[in-house]
$ cat entry.cif   # mmCIF, C-alpha atoms
data_start
#
loop_
_atom_site.label_atom_id
_atom_site.label_comp_id
_atom_site.auth_asym_id
_atom_site.auth_seq_id
_atom_site.Cartn_x
_atom_site.Cartn_y
_atom_site.Cartn_z
CA MET A 31 -9.63 -7.85 -11.59
CA ASP A 32 -6.90 -6.47 -9.40
CA LEU A 33 -5.04 -8.21 -6.61
CA SER A 34 -6.28 -8.07 -3.03
CA LEU A 35 -4.12 -8.90 -0.04
CA ASN A 36 -5.17 -9.35 3.58
CA THR A 37 -2.89 -10.52 6.35
CA ARG A 38 -3.61 -11.70 9.86
CA THR A 39 -1.61 -13.57 12.45
CA GLU A 40 -2.49 -16.70 14.34
CA GLY A 41 0.12 -17.64 16.91
CA ASP A 42 3.45 -17.70 15.14
CA ARG A 43 1.80 -18.08 11.74
CA THR A 44 0.93 -15.26 9.39
CA ILE A 45 -1.91 -15.84 6.96
CA VAL A 46 -1.88 -13.93 3.69
CA LYS A 47 -5.22 -14.12 1.92
CA VAL A 48 -4.80 -13.39 -1.76
CA GLY A 49 -7.64 -12.63 -4.14
CA GLY A 50 -7.90 -11.77 -7.82
CA GLU A 51 -5.25 -12.21 -10.48
CA ILE A 52 -1.58 -12.80 -9.76
CA ASP A 53 0.16 -11.91 -12.99
CA VAL A 54 3.04 -9.90 -14.38
CA TYR A 55 1.16 -6.71 -13.52
CA THR A 56 0.14 -7.49 -9.92
CA ALA A 57 2.87 -9.90 -8.77
CA PRO A 58 5.18 -7.07 -7.60
CA LYS A 59 2.54 -6.17 -4.99
CA LEU A 60 2.53 -9.72 -3.60
CA ARG A 61 6.33 -9.83 -3.69
CA GLU A 62 6.53 -6.62 -1.64
CA GLN A 63 4.07 -8.01 0.88
CA LEU A 64 6.06 -11.22 1.35
CA ILE A 65 9.34 -9.33 1.63
CA ASP A 66 7.83 -6.95 4.20
CA LEU A 67 6.52 -9.85 6.27
CA VAL A 68 9.84 -11.68 6.32
CA SER A 69 11.67 -8.42 7.10
CA SER A 70 9.37 -7.89 10.07
CA GLY A 71 10.13 -11.34 11.42
CA ALA A 72 7.19 -13.38 10.11
CA TYR A 73 8.89 -16.60 9.02
CA HIS A 74 5.91 -18.98 9.01
CA LEU A 75 3.57 -17.97 6.22
CA VAL A 76 0.30 -19.45 5.00
CA VAL A 77 -0.74 -18.11 1.62
CA ASP A 78 -4.47 -18.63 1.12
CA MET A 79 -5.12 -18.82 -2.62
CA GLU A 80 -8.76 -19.88 -2.57
CA GLU A 81 -9.89 -16.59 -4.07
CA VAL A 82 -7.19 -16.38 -6.72
CA ASP A 83 -8.70 -16.32 -10.22
CA PHE A 84 -5.51 -16.43 -12.22
CA LEU A 85 -1.87 -17.31 -11.56
CA ASP A 86 1.03 -17.08 -14.01
CA SER A 87 4.75 -17.82 -13.91
CA THR A 88 5.51 -14.40 -12.46
CA GLY A 89 3.28 -15.32 -9.53
CA LEU A 90 4.98 -18.70 -9.18
CA GLY A 91 8.33 -16.91 -9.15
CA VAL A 92 7.16 -14.64 -6.34
CA LEU A 93 5.97 -17.61 -4.26
CA VAL A 94 9.25 -19.43 -4.82
CA GLY A 95 11.10 -16.23 -3.88
CA GLY A 96 9.04 -16.08 -0.69
CA LEU A 97 9.81 -19.71 0.08
CA LYS A 98 13.55 -19.12 -0.31
CA ARG A 99 13.34 -16.14 2.02
CA VAL A 100 11.52 -17.92 4.84
CA ARG A 101 13.73 -20.97 4.46
CA ALA A 102 16.74 -18.73 5.02
CA HIS A 103 15.23 -18.15 8.49
CA GLU A 104 14.23 -21.79 8.92
CA GLY A 105 10.64 -20.78 8.34
CA SER A 106 7.89 -22.25 6.20
CA LEU A 107 5.53 -21.20 3.43
CA ARG A 108 2.35 -23.22 3.06
CA LEU A 109 -0.31 -22.78 0.42
CA VAL A 110 -4.05 -23.22 0.73
CA CYS A 111 -5.64 -24.14 -2.58
CA THR A 112 -8.38 -26.49 -3.76
CA GLN A 113 -9.02 -24.90 -7.16
CA GLU A 114 -8.17 -27.37 -9.91
CA ARG A 115 -7.12 -24.73 -12.43
CA ILE A 116 -4.56 -23.31 -10.01
CA LEU A 117 -3.40 -26.71 -8.73
CA LYS A 118 -2.79 -27.75 -12.34
CA ILE A 119 -0.16 -25.04 -12.70
CA PHE A 120 1.67 -26.26 -9.61
CA ARG A 121 1.56 -29.84 -10.92
CA ILE A 122 2.84 -28.96 -14.41
CA THR A 123 5.77 -27.09 -12.91
CA GLY A 124 6.59 -29.73 -10.33
CA LEU A 125 6.03 -27.22 -7.55
CA THR A 126 3.63 -29.54 -5.73
CA LYS A 127 6.79 -31.22 -4.48
CA VAL A 128 8.14 -27.95 -3.17
CA PHE A 129 5.15 -26.31 -1.51
CA PRO A 130 3.00 -28.01 1.10
CA ILE A 131 -0.51 -27.48 -0.32
CA HIS A 132 -3.46 -27.68 2.05
CA SER A 133 -7.20 -27.78 1.50
CA SER A 134 -8.04 -25.29 4.24
CA VAL A 135 -6.39 -22.61 6.35
CA ASP A 136 -7.14 -24.64 9.48
CA GLU A 137 -5.35 -27.64 8.01
CA ALA A 138 -2.36 -25.45 7.12
CA LEU A 139 -2.28 -23.94 10.61
CA SER A 140 -2.33 -27.29 12.35
CA ALA A 141 0.38 -28.74 10.10
CA THR A 142 3.81 -29.19 11.56
CA GLU A 143 7.14 -29.70 9.88
CA MET B 1476 -13.37 -15.16 -38.19
CA ALA B 1477 -10.67 -13.58 -40.22
CA THR B 1478 -7.33 -12.84 -38.69
CA VAL B 1479 -7.41 -10.42 -35.78
CA GLU B 1480 -4.27 -8.52 -34.92
CA LEU B 1481 -3.49 -6.69 -31.70
CA GLN B 1482 -0.55 -4.38 -31.07
CA PHE B 1483 0.33 -2.89 -27.72
CA GLY B 1484 3.06 -0.92 -25.98
CA ALA B 1485 5.37 -2.93 -23.73
CA LEU B 1486 3.49 -2.50 -20.45
CA PRO B 1487 2.64 -5.36 -18.06
CA LEU B 1488 -0.90 -3.97 -17.84
CA HIS B 1489 -1.51 -4.79 -21.50
CA VAL B 1490 -0.68 -8.45 -20.96
CA ARG B 1491 -4.01 -8.54 -19.19
CA THR B 1492 -5.67 -6.81 -22.14
CA ALA B 1493 -4.27 -9.45 -24.48
CA ARG B 1494 -5.51 -12.22 -22.18
CA LEU B 1495 -9.04 -10.87 -22.14
CA ILE B 1496 -9.14 -10.52 -25.92
CA ALA B 1497 -7.74 -14.02 -26.39
CA ALA B 1498 -10.38 -15.52 -24.11
CA ALA B 1499 -13.17 -13.66 -25.90
CA LEU B 1500 -11.97 -14.72 -29.35
CA ALA B 1501 -11.36 -18.32 -28.32
CA ARG B 1502 -14.91 -18.61 -26.97
CA ARG B 1503 -16.35 -16.91 -30.03
CA ILE B 1504 -14.55 -19.24 -32.37
CA GLY B 1505 -15.52 -22.44 -30.64
CA VAL B 1506 -12.58 -23.48 -28.51
CA GLU B 1507 -13.78 -25.86 -25.83
CA GLU B 1508 -14.62 -24.07 -22.58
CA SER B 1509 -12.30 -26.32 -20.59
CA LEU B 1510 -9.36 -25.02 -22.65
CA ILE B 1511 -10.03 -21.32 -22.09
CA ASP B 1512 -7.96 -21.14 -18.91
CA GLU B 1513 -5.11 -22.74 -20.80
CA VAL B 1514 -5.45 -20.20 -23.63
CA LYS B 1515 -5.39 -17.33 -21.13
CA LEU B 1516 -2.38 -18.65 -19.29
CA ALA B 1517 -0.43 -19.41 -22.47
CA ILE B 1518 -1.00 -16.04 -24.15
CA GLY B 1519 -0.29 -14.32 -20.85
CA GLU B 1520 3.07 -16.06 -20.58
CA ALA B 1521 3.97 -15.37 -24.21
CA CYS B 1522 3.05 -11.70 -23.88
CA SER B 1523 4.84 -11.31 -20.53
CA ARG B 1524 7.97 -12.60 -22.18
CA ALA B 1525 7.56 -10.27 -25.19
CA VAL B 1526 6.98 -7.26 -22.91
CA ASP B 1527 10.12 -8.16 -20.99
CA VAL B 1528 12.16 -8.44 -24.20
CA HIS B 1529 10.82 -5.12 -25.50
CA ARG B 1530 11.45 -3.26 -22.26
CA ARG B 1531 15.09 -4.20 -22.44
CA HIS B 1532 15.74 -4.03 -26.17
CA ALA B 1533 12.96 -2.24 -28.00
CA PRO B 1534 10.94 -0.12 -25.54
CA THR B 1535 9.26 2.01 -28.20
CA GLU B 1536 8.24 -0.90 -30.43
CA LEU B 1537 4.82 -2.50 -30.18
CA VAL B 1538 4.29 -6.16 -29.34
CA THR B 1539 2.14 -7.88 -31.97
CA VAL B 1540 -0.38 -10.63 -31.31
CA ARG B 1541 -2.05 -12.37 -34.23
CA PHE B 1542 -5.14 -14.52 -33.80
CA ASP B 1543 -6.06 -16.87 -36.58
CA ASP B 1544 -8.66 -19.58 -37.07
CA SER B 1545 -7.54 -21.24 -40.25
CA ASP B 1546 -7.24 -25.02 -40.63
CA ASP B 1547 -9.74 -25.93 -37.92
CA VAL B 1548 -7.50 -24.60 -35.22
CA PHE B 1549 -7.40 -21.42 -33.22
CA SER B 1550 -3.85 -20.17 -33.23
CA ILE B 1551 -2.18 -17.28 -31.48
CA SER B 1552 1.19 -15.88 -32.51
CA VAL B 1553 3.02 -13.45 -30.26
CA LEU B 1554 5.74 -11.53 -32.07
CA ASP B 1555 8.41 -9.42 -30.43
CA ALA B 1556 11.03 -7.14 -31.96
CA GLY B 1557 13.99 -8.01 -29.76
CA PRO B 1558 17.08 -10.03 -30.66
CA PRO B 1559 16.00 -13.37 -32.20
CA LEU B 1560 15.35 -16.04 -29.57
CA ASP B 1561 16.15 -13.66 -26.72
CA GLN B 1562 14.89 -14.99 -23.36
CA VAL B 1563 14.52 -18.46 -24.83
CA ALA B 1564 16.43 -20.74 -22.52
CA GLY B 1565 17.90 -24.00 -23.73
CA ASP B 1566 18.95 -25.23 -27.10
CA ALA B 1567 17.66 -24.05 -30.43
CA ASP B 1568 16.57 -27.61 -31.16
CA GLY B 1569 13.73 -27.18 -28.72
CA SER B 1570 15.02 -29.00 -25.67
CA ARG B 1571 14.42 -26.53 -22.90
CA PRO B 1572 14.71 -26.81 -19.15
CA THR B 1573 11.60 -27.39 -17.07
CA VAL B 1574 10.15 -24.71 -14.84
CA GLY B 1575 11.50 -26.50 -11.79
CA GLU B 1576 15.01 -26.43 -13.16
CA LEU B 1577 14.71 -22.78 -14.08
CA LEU B 1578 13.52 -21.79 -10.65
CA ASP B 1579 16.54 -23.52 -9.15
CA LEU B 1580 14.44 -25.31 -6.60
CA ALA B 1581 17.41 -27.20 -5.32
CA GLY B 1582 19.13 -23.91 -4.62
CA THR B 1583 19.78 -23.39 -0.95
CA GLY B 1584 21.33 -20.80 1.26
CA GLU B 1585 20.68 -17.15 1.85
CA PRO B 1586 18.85 -15.56 -1.03
CA GLU B 1587 20.57 -12.55 -2.51
CA ALA B 1588 18.87 -9.23 -2.01
CA ASP B 1589 17.54 -9.21 -5.55
CA ALA B 1590 17.19 -12.94 -5.99
CA SER B 1591 13.42 -12.94 -6.22
CA LEU B 1592 13.21 -9.74 -8.20
CA GLN B 1593 14.55 -11.28 -11.37
CA LEU B 1594 12.83 -14.31 -12.78
CA PRO B 1595 14.91 -16.75 -14.75
CA SER B 1596 14.59 -16.25 -18.47
CA GLY B 1597 12.54 -18.84 -20.26
CA ILE B 1598 10.23 -19.70 -17.38
CA GLY B 1599 7.13 -18.52 -19.22
CA LEU B 1600 7.96 -20.61 -22.28
CA ALA B 1601 8.65 -23.64 -20.13
CA LEU B 1602 5.20 -23.26 -18.61
CA ILE B 1603 3.56 -22.87 -22.03
CA GLU B 1604 5.30 -26.00 -23.25
CA GLY B 1605 4.14 -27.89 -20.18
CA LEU B 1606 0.59 -26.77 -20.83
CA VAL B 1607 -0.09 -26.55 -24.55
CA ASP B 1608 0.29 -29.47 -26.94
CA ASP B 1609 1.00 -27.44 -30.04
CA VAL B 1610 3.69 -24.78 -29.51
CA SER B 1611 6.48 -23.49 -31.69
CA VAL B 1612 9.19 -20.97 -30.87
CA ALA B 1613 11.28 -19.60 -33.72
CA ALA B 1614 13.15 -16.56 -34.92
CA ARG B 1615 10.90 -14.35 -37.03
CA ASN B 1616 11.42 -14.60 -40.74
CA ASP B 1617 9.90 -11.19 -41.42
CA GLY B 1618 12.37 -9.13 -39.41
CA PRO B 1619 14.21 -9.23 -36.09
CA GLY B 1620 12.58 -10.87 -33.11
CA THR B 1621 10.95 -14.08 -32.01
CA ARG B 1622 7.63 -15.67 -32.83
CA VAL B 1623 5.82 -17.88 -30.31
CA THR B 1624 2.87 -19.70 -31.88
CA MET B 1625 0.35 -21.80 -29.97
CA SER B 1626 -2.75 -23.52 -31.28
CA TRP B 1627 -5.83 -25.25 -30.02
CA PRO B 1628 -8.45 -27.35 -31.78
CA ARG B 1629 -11.82 -25.74 -32.32
CA LEU B 1630 -15.19 -27.40 -32.25
CA GLY B 1631 -16.10 -26.10 -35.67
CA GLU B 1632 -18.78 -23.68 -36.73
CA LEU B 1633 -21.35 -24.91 -34.23
CA LEU B 1634 -21.05 -21.97 -31.92
CA LEU B 1635 -20.99 -19.41 -34.68
CA PRO B 1636 -24.14 -17.78 -36.00
CA ALA B 1637 -25.39 -19.11 -39.32
CA ASP B 1638 -25.56 -15.66 -40.86
CA ASP B 1639 -25.46 -12.01 -39.98
CA ASP B 1640 -29.13 -11.86 -39.04
CA ASP B 1641 -28.42 -14.21 -36.20
CA VAL B 1642 -25.81 -11.81 -34.93
CA LEU B 1643 -28.52 -9.20 -34.48
CA ASP B 1644 -30.87 -11.64 -32.78
CA GLY B 1645 -28.25 -13.62 -30.95
CA ASP B 1646 -27.72 -13.51 -27.23
CA PHE B 1647 -24.12 -14.59 -27.18
#

$ encode --input "entry.cif" --output "structure tokens"
Amino acid sequence: MDLSLNTRTEGDRTIVKVGGEIDVYTAPKLREQLIDLVSSGAYHLVVDMEEVDFLDSTGLGVLVGGLKRVRAHEGSLRLVCTQERILKIFRITGLTKVFPIHSSVDEALSATE
Amino acid sequence: MATVELQFGALPLHVRTARLIAAALARRIGVEESLIDEVKLAIGEACSRAVDVHRRHAPTELVTVRFDDSDDVFSISVLDAGPPLDQVAGDADGSRPTVGELLDLAGTGEPEADASLQLPSGIGLALIEGLVDDVSVAARNDGPGTRVTMSWPRLGELLLPADDDDVLDGDF
């Protein structure tokens, strides 16, 4: 399955809904999207991963890259994920301490620093 | 199942091919369903690394993946043809940095233009080692390159057909 990306804005937040597989083949597409958003001034991102079927280290690298970019503008990058198989990867890598992970987009949108 | 071997050109697209084959074989051979995601992630990481090594050092060579079910385990070896232990961060004795360390999470300041375009070497292996109990990374003894071998326990012959007739009747 390929990667699908949909973005919408809600106030000063930009929600990126990702679906499919984020791997070495598709991660460049997500990276471009995040770079484009930050370049266009979107510094508060919510990445909705509820429809992600697969995530590998390339995908993690892209998310960390995105986080570094928004932080450079004092922004934020929040994740929405309740899937155990995806959460496990964040736990193994210690990235649960780095990314705020929410159980719904609404929760992520209402979260403050 | 006898040994199955897969060879593919160093394209990211084929990492997905390898993942699908690994999942199919693991299920066929009786690896517990709850471990299939782990198998897919691990072989994906090992193949991503091999593709990366080949693209830089041996672009015309094929990456080899060997699936084996001997000794009550399902094992996957991913063999590349690059310099031995290329893209293997850390010491040869097996102590490697964690993914968090590799990603430089403490790093602050303005990211460089290309900062997120280049992943730190060794991140895939660090993830495999965090995930899979039985992993070995070594220089190949049958030529140049590196061999990453991972194995999982199998449930036995329970999920396999008793004989070839069952294959024809089977609905698996």

$ interface_residues --input "entry.cif" --of "chain A" --to "chain B" --cutoff "10 Å" --atoms "all atoms listed in the file" --output "MDAnalysis selection string"
chainID A and resid 31 51 53:56 58 61:62 65 83:88 90:103 115:116 118:119 121:125 127:128

$ resolve_selection --input "entry.cif" --expression "the PyMOL selection byres ((chain A and resi 73-79) around 7)" --output "PDB file with C-alpha atoms, in the coordinates of the input"
ATOM      1  CA  ASP A  42       3.450 -17.700  15.140  1.00  0.00           C
ATOM      2  CA  ARG A  43       1.800 -18.080  11.740  1.00  0.00           C
ATOM      3  CA  THR A  44       0.930 -15.260   9.390  1.00  0.00           C
ATOM      4  CA  ILE A  45      -1.910 -15.840   6.960  1.00  0.00           C
ATOM      5  CA  VAL A  46      -1.880 -13.930   3.690  1.00  0.00           C
ATOM      6  CA  LYS A  47      -5.220 -14.120   1.920  1.00  0.00           C
ATOM      7  CA  VAL A  48      -4.800 -13.390  -1.760  1.00  0.00           C
ATOM      8  CA  GLY A  49      -7.640 -12.630  -4.140  1.00  0.00           C
ATOM      9  CA  VAL A  68       9.840 -11.680   6.320  1.00  0.00           C
ATOM     10  CA  GLY A  71      10.130 -11.340  11.420  1.00  0.00           C
ATOM     11  CA  ALA A  72       7.190 -13.380  10.110  1.00  0.00           C
ATOM     12  CA  GLU A  80      -8.760 -19.880  -2.570  1.00  0.00           C
ATOM     13  CA  GLU A  81      -9.890 -16.590  -4.070  1.00  0.00           C
ATOM     14  CA  VAL A  82      -7.190 -16.380  -6.720  1.00  0.00           C
ATOM     15  CA  VAL A 100      11.520 -17.920   4.840  1.00  0.00           C
ATOM     16  CA  HIS A 103      15.230 -18.150   8.490  1.00  0.00           C
ATOM     17  CA  GLY A 105      10.640 -20.780   8.340  1.00  0.00           C
ATOM     18  CA  SER A 106       7.890 -22.250   6.200  1.00  0.00           C
ATOM     19  CA  LEU A 107       5.530 -21.200   3.430  1.00  0.00           C
ATOM     20  CA  ARG A 108       2.350 -23.220   3.060  1.00  0.00           C
ATOM     21  CA  LEU A 109      -0.310 -22.780   0.420  1.00  0.00           C
ATOM     22  CA  VAL A 110      -4.050 -23.220   0.730  1.00  0.00           C
ATOM     23  CA  CYS A 111      -5.640 -24.140  -2.580  1.00  0.00           C
ATOM     24  CA  VAL A 135      -6.390 -22.610   6.350  1.00  0.00           C
ATOM     25  CA  ALA A 138      -2.360 -25.450   7.120  1.00  0.00           C
TER      26      ALA A 138
END

$ atom_distance --input "entry.cif" --atom1 "atom CA of A:Thr39" --atom2 "atom CA of A:Leu67"
10.9 Å

$ residues_around --input "entry.cif" --residues "B:Asp1609" --least-positions-apart "2" --cutoff "12 Å" --atoms "all atoms listed in the file" --output "list in words"
Val1514, Ala1517, Val1548, Phe1549, Ser1550, Ile1551, Ser1552, Ile1603, Glu1604, Gly1605, Leu1606, Val1607, Ser1611, Val1612, Val1623, Thr1624, Met1625, Ser1626, Trp1627 and Pro1628 of chain B

$ residues_around --input "entry.cif" --residues "stretch 1530-1533 of chain B" --least-positions-apart "6" --cutoff "9 Å" --atoms "all atoms listed in the file" --output "PyMOL selection string"
chain B and resi 1485-1486+1555-1558

$ resolve_selection --input "entry.cif" --expression "the PyMOL selection byres ((chain B and resi 1505) around 6)" --output "list in words"
Arg1502, Arg1503, Ile1504, Val1506, Arg1629, Leu1630 and Leu1634 of chain B

$ atom_distance --input "entry.cif" --atom1 "atom CA of B:Thr1621" --atom2 "atom CA of B:Pro1559"
5.1 Å

$ closest_residue --input "entry.cif" --among "A:Gln63, A:Thr142, A:Ser134, A:Ile52" --to "A:Asn36" --atoms "all atoms listed in the file"
A:Gln63

$ atom_distance --input "entry.cif" --atom1 "atom CA of B:Val1528" --atom2 "atom CA of A:Asp66"
28.8 Å
